[in-house]
Every structure is written in structure tokens, then in C-alpha cells.
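Dumped input.cif below, it's mmCIF, C-alpha atoms:
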data_model
#
loop_
_atom_site.label_atom_id
_atom_site.label_comp_id
_atom_site.auth_asym_id
_atom_site.auth_seq_id
_atom_site.Cartn_x
_atom_site.Cartn_y
_atom_site.Cartn_z
CA MET A 1 115.94 45.66 100.11
CA GLU A 2 112.31 46.58 99.59
CA MET A 3 111.56 49.21 96.99
CA LYS A 4 109.91 52.37 98.36
CA TRP A 5 107.25 53.15 95.80
CA ILE A 6 106.32 56.48 97.40
CA SER A 7 109.79 57.93 96.76
CA ILE A 8 109.64 56.74 93.15
CA ALA A 9 106.15 58.18 92.66
CA VAL A 10 107.13 61.56 94.17
CA ALA A 11 110.31 61.72 92.07
CA ALA A 12 108.33 60.96 88.89
CA LEU A 13 105.76 63.62 89.78
CA ALA A 14 108.52 66.17 90.41
CA ALA A 15 109.96 65.47 86.96
CA VAL A 16 106.55 65.95 85.32
CA ILE A 17 105.98 69.22 87.17
CA LEU A 18 109.45 70.40 86.16
CA ALA A 19 108.67 69.45 82.55
CA TYR A 20 105.46 71.49 82.64
CA VAL A 21 107.26 74.54 84.03
CA TRP A 22 110.19 74.07 81.68
CA ASN A 23 108.02 73.77 78.54
CA ASN A 24 105.59 76.57 79.41
CA ILE A 25 108.05 79.14 80.74
CA ILE A 26 111.60 78.46 79.60
CA PHE A 27 111.05 76.53 76.38
CA GLU A 28 108.07 78.64 75.28
CA ASP A 29 109.99 81.09 73.13
CA MET A 30 111.63 78.32 71.15
CA ALA A 31 109.93 77.97 67.79
CA GLN A 32 108.28 74.58 67.87
CA GLU A 33 106.70 73.21 64.77
CA LYS A 34 103.02 72.47 64.82
CA ASN A 35 102.67 68.80 64.17
CA GLU A 36 99.38 67.48 62.88
CA HIS A 37 100.14 64.10 64.48
CA ARG A 38 100.32 65.51 68.01
CA LEU A 39 98.71 63.72 70.90
CA PRO A 40 95.74 65.31 72.63
CA ASN A 41 96.77 67.45 75.61
CA ALA A 42 95.03 65.05 78.01
CA MET A 43 97.52 62.32 77.04
CA TYR A 44 100.66 64.26 77.94
CA PHE A 45 100.46 63.99 81.73
CA PRO A 46 99.83 60.22 81.93
CA LEU A 47 102.52 59.39 79.37
CA ALA A 48 105.04 61.77 80.93
CA TYR A 49 104.31 60.34 84.37
CA ILE A 50 104.66 56.73 83.21
CA PHE A 51 108.01 57.36 81.53
CA SER A 52 109.26 59.46 84.47
CA PHE A 53 108.21 56.64 86.78
CA ILE A 54 110.31 54.18 84.76
CA ILE A 55 113.33 56.50 84.93
CA ALA A 56 112.79 56.98 88.69
CA MET A 57 112.70 53.19 89.18
CA GLY A 58 116.06 52.92 87.46
CA LEU A 59 117.47 55.71 89.60
CA TRP A 60 116.13 54.04 92.75
CA ASN A 61 117.84 50.84 91.71
CA GLN A 62 121.12 52.68 91.25
CA ILE A 63 120.98 54.93 94.31
CA ILE A 64 119.39 52.71 96.94
CA GLY A 65 119.60 49.18 95.55
CA LEU A 66 123.23 49.34 94.50
CA HIS A 67 124.33 50.95 97.76
CA GLY A 68 122.41 48.35 99.75
CA PHE A 69 124.20 45.62 97.84
CA ILE A 70 127.58 47.27 98.46
CA LYS A 71 126.77 47.61 102.19
CA MET A 72 125.94 43.93 102.28
CA LEU A 73 129.28 43.00 100.68
CA LYS A 74 131.48 45.39 102.56
CA GLU A 75 130.73 46.37 106.13
CA SER A 76 132.87 49.52 105.92
CA ALA A 77 130.51 50.94 103.30
CA ALA A 78 127.62 50.82 105.73
CA GLU A 79 127.90 54.44 106.86
CA ILE A 80 125.00 56.63 105.87
CA THR A 81 125.82 59.62 103.69
CA GLU A 82 125.58 62.93 105.46
CA TYR A 83 123.70 64.66 102.61
CA PRO A 84 121.31 62.13 101.05
CA PHE A 85 119.64 64.65 98.70
CA ALA A 86 122.98 65.82 97.29
CA HIS A 87 124.20 62.24 97.00
CA GLY A 88 121.08 61.22 95.08
CA ALA A 89 121.30 64.32 92.89
CA LEU A 90 124.90 63.43 92.05
CA HIS A 91 123.79 59.96 90.98
CA GLY A 92 121.03 61.53 88.89
CA VAL A 93 123.49 63.77 87.04
CA GLN A 94 125.87 60.85 86.56
CA SER A 95 123.03 58.78 85.15
CA SER A 96 122.11 61.50 82.66
CA PHE A 97 125.68 61.43 81.35
CA PHE A 98 126.69 57.79 81.65
CA TYR A 99 123.51 56.13 80.43
CA GLY A 100 123.52 58.08 77.21
CA VAL A 101 120.53 60.35 77.77
CA ILE A 102 122.51 63.38 76.73
CA SER A 103 124.33 61.62 73.90
CA VAL A 104 121.11 60.35 72.37
CA LEU A 105 119.39 63.72 72.78
CA VAL A 106 122.23 65.68 71.17
CA LEU A 107 122.61 63.19 68.33
CA THR A 108 118.87 63.21 67.62
CA ALA A 109 118.77 67.01 67.73
CA LEU A 110 121.67 67.30 65.31
CA LEU A 111 120.10 64.80 62.92
CA ASN A 112 116.82 66.75 63.02
CA GLY A 113 118.57 70.06 62.38
CA LYS A 114 117.89 71.65 65.77
CA GLY A 115 120.05 74.56 66.85
CA PHE A 116 122.50 74.86 69.72
CA LYS A 117 119.98 76.75 71.87
CA TRP A 118 117.42 73.93 71.56
CA ILE A 119 120.09 71.35 72.40
CA PHE A 120 121.26 73.35 75.43
CA VAL A 121 117.74 73.85 76.79
CA SER A 122 116.82 70.18 76.30
CA VAL A 123 120.03 68.80 77.77
CA SER A 124 119.87 71.14 80.75
CA TYR A 125 116.27 70.04 81.42
CA TRP A 126 117.26 66.35 81.51
CA VAL A 127 120.28 66.94 83.72
CA LEU A 128 118.17 68.99 86.13
CA ALA A 129 115.24 66.56 86.06
CA MET A 130 117.40 63.52 86.75
CA ALA A 131 119.28 65.38 89.50
CA LEU A 132 115.94 66.33 91.09
CA MET A 133 114.62 62.77 90.84
CA GLY A 134 117.85 61.33 92.22
CA GLY A 135 117.83 63.83 95.07
CA ILE A 136 114.27 63.00 96.04
CA ILE A 137 114.96 59.27 95.91
CA GLY A 138 118.16 59.72 97.91
CA ALA A 139 116.39 61.78 100.58
CA MET A 140 113.27 59.60 100.83
CA GLY A 141 115.03 56.27 100.44
#
Reformat the file's structure so that it appears as C-alpha cells.
Amino acid sequence: MEMKWISIAVAALAAVILAYVWNNIIFEDMAQEKNEHRLPNAMYFPLAYIFSFIIAMGLWNQIIGLHGFIKMLKESAAEITEYPFAHGALHGVQSSFFYGVISVLVLTALLNGKGFKWIFVSVSYWVLAMALMGGIIGAMG
């Protein structure tokens, strides 16, 4: 099955836009330390997009590639899901739990002394971002 790069690119862009909104509106009131080793602001978008693109490629592989493989093995699995966005979003949420994104984030936050509010806001961003990326990939193929 040929990979659809447009769906991956759109999903990665959606995650970056969500990150911008999340950090400038929701996460703004959280006291973040000023770090003298911060990257210049011009570097945030390209790096965020590259890493979101990598995550979206993994989600595409799980949502589309895995289901294509299953359809090839078992003819009864060939029916198309009725709600492709919801199906992809479900895979995105499952990925955020099963691949350890949340576990690693919570463990790192606890080791760095972050509070429950910071952990909740960060975890909810990743669950929402991966659900959005999975939904876009599921809908666009």
C-alpha cells in the first residue's frame, strides 16, 4: 500500500498548530522557567513539524498500513469503517497510551518536580494531538 504523504503532512501541521494554540492560550499561565539554553523562536516550528511528521508516519503505518495488511490476510476484514475520522482518532489515543508517550511524560515530569496540573495539561495535549493526527490520517487515508 502506497503511503499518502499529504495526509501525513496535514496531520503533522495540525499537531503543530494545536501545540501553538495549546502553549499560547492554555499552557500560558503555567509558570515556565526561563532557560538560558533555549532555542531561537525561529527553530521551534521546523523542529516541531519534523517530530510531528515522524509521529504521523508511525500513526499512518498503524492506521492504514496495518489495516491494509489485515485486509490482505483476511477477506472478511475488508469492509471500510463507517467513521474513518473516529476510527483514526481511536488509534491515535491508543497509541498515546500503548506506546508509552504518557508513561514517559509523567515519569519525566515527576522526576523534574513538576506538579499535577502541569502533568495533566501536558498529557491531555498529547492525547488530543495524537487523536487529531490519527483522525486526519484515518479520514484522508
Option closest in space to Lys4 of chain A, from A:Met43, A:Met140, A:Phe85, A:Asn24 [counting only C-alpha atoms]
A:Met140
In Å to one decimal, how far is atom CA of Ala86 of chain A from atom CA of Glu2 of chain A?
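The value is 22.1 Å.
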Provide the atom CA of Gly92 of chain A to atom CA of Lys114 of chain A distance in Å, to one decimal place.
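Result for atom CA of Gly92 of chain A versus atom CA of Lys114 of chain A: 25.4 Å, one decimal.
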Please report the interatomic distance between atom CA of Leu90 of chain A and atom CA of Trp118 of chain A in Å with one decimal.
24.2 Å
In file coordinates, which residues lie within 12 Å of (108.8, 56.3, 99.5) using all atoms listed in the file, given as a VMD selection string?
chain A and resid 2 to 12 56 to 57 60 64 136 to 141
Residues at most 12 Å from Val106 of chain A, counting all atoms listed in the file, excluding those fewer than 5 positions away in the same chain, as a ChimeraX atom specification?
/A:97,100-101,111-124,126
Applying 12 Å and only C-alpha atoms, which residues near Tyr44 of chain A remain after dropping the ones on its own chain fewer than 6 positions away? List them as a ChimeraX atom specification.
/A:16-17,19-20,38,50-52
Would you mind exporting C-alpha atoms of the selected residues as a short mmCIF file (atom, residue, chain, number, x, y, z; two decimals), in the coordinates of the input?
data_model
loop_
_atom_site.label_atom_id
_atom_site.label_comp_id
_atom_site.auth_asym_id
_atom_site.auth_seq_id
_atom_site.Cartn_x
_atom_site.Cartn_y
_atom_site.Cartn_z
CA VAL A 16 106.55 65.95 85.32
CA ILE A 17 105.98 69.22 87.17
CA ALA A 19 108.67 69.45 82.55
CA TYR A 20 105.46 71.49 82.64
CA ARG A 38 100.32 65.51 68.01
CA ILE A 50 104.66 56.73 83.21
CA PHE A 51 108.01 57.36 81.53
CA SER A 52 109.26 59.46 84.47
#
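Considering all atoms listed in the file, the residue among A:Glu82, A:Tyr125, A:Ala42, A:Gly88 positioned nearest to His67 of chain A is A:Gly88.
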Box dimensions and centre (Å, one decimal) enclosing segment 120-134 of chain A, axis-aligned, 8 Å extra per side, as lines of an AutoDock Vina configuration file:
center_x = 117.9
center_y = 67.6
center_z = 83.8
size_x = 22.6
size_y = 28.5
size_z = 32.8
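Proximity ranking of A:Ile26, A:Leu13, A:His91, A:Val104 relative to Phe53 of chain A places A:Leu13 first, based on only C-alpha atoms.
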Choose the residue, out of A:Ile63, A:Ala109, A:Met130, A:Leu47, that has the smallest atom-to-atom separation from Val93 of chain A; count only C-alpha atoms.
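Closest to Val93 of chain A, using only C-alpha atoms: A:Met130.
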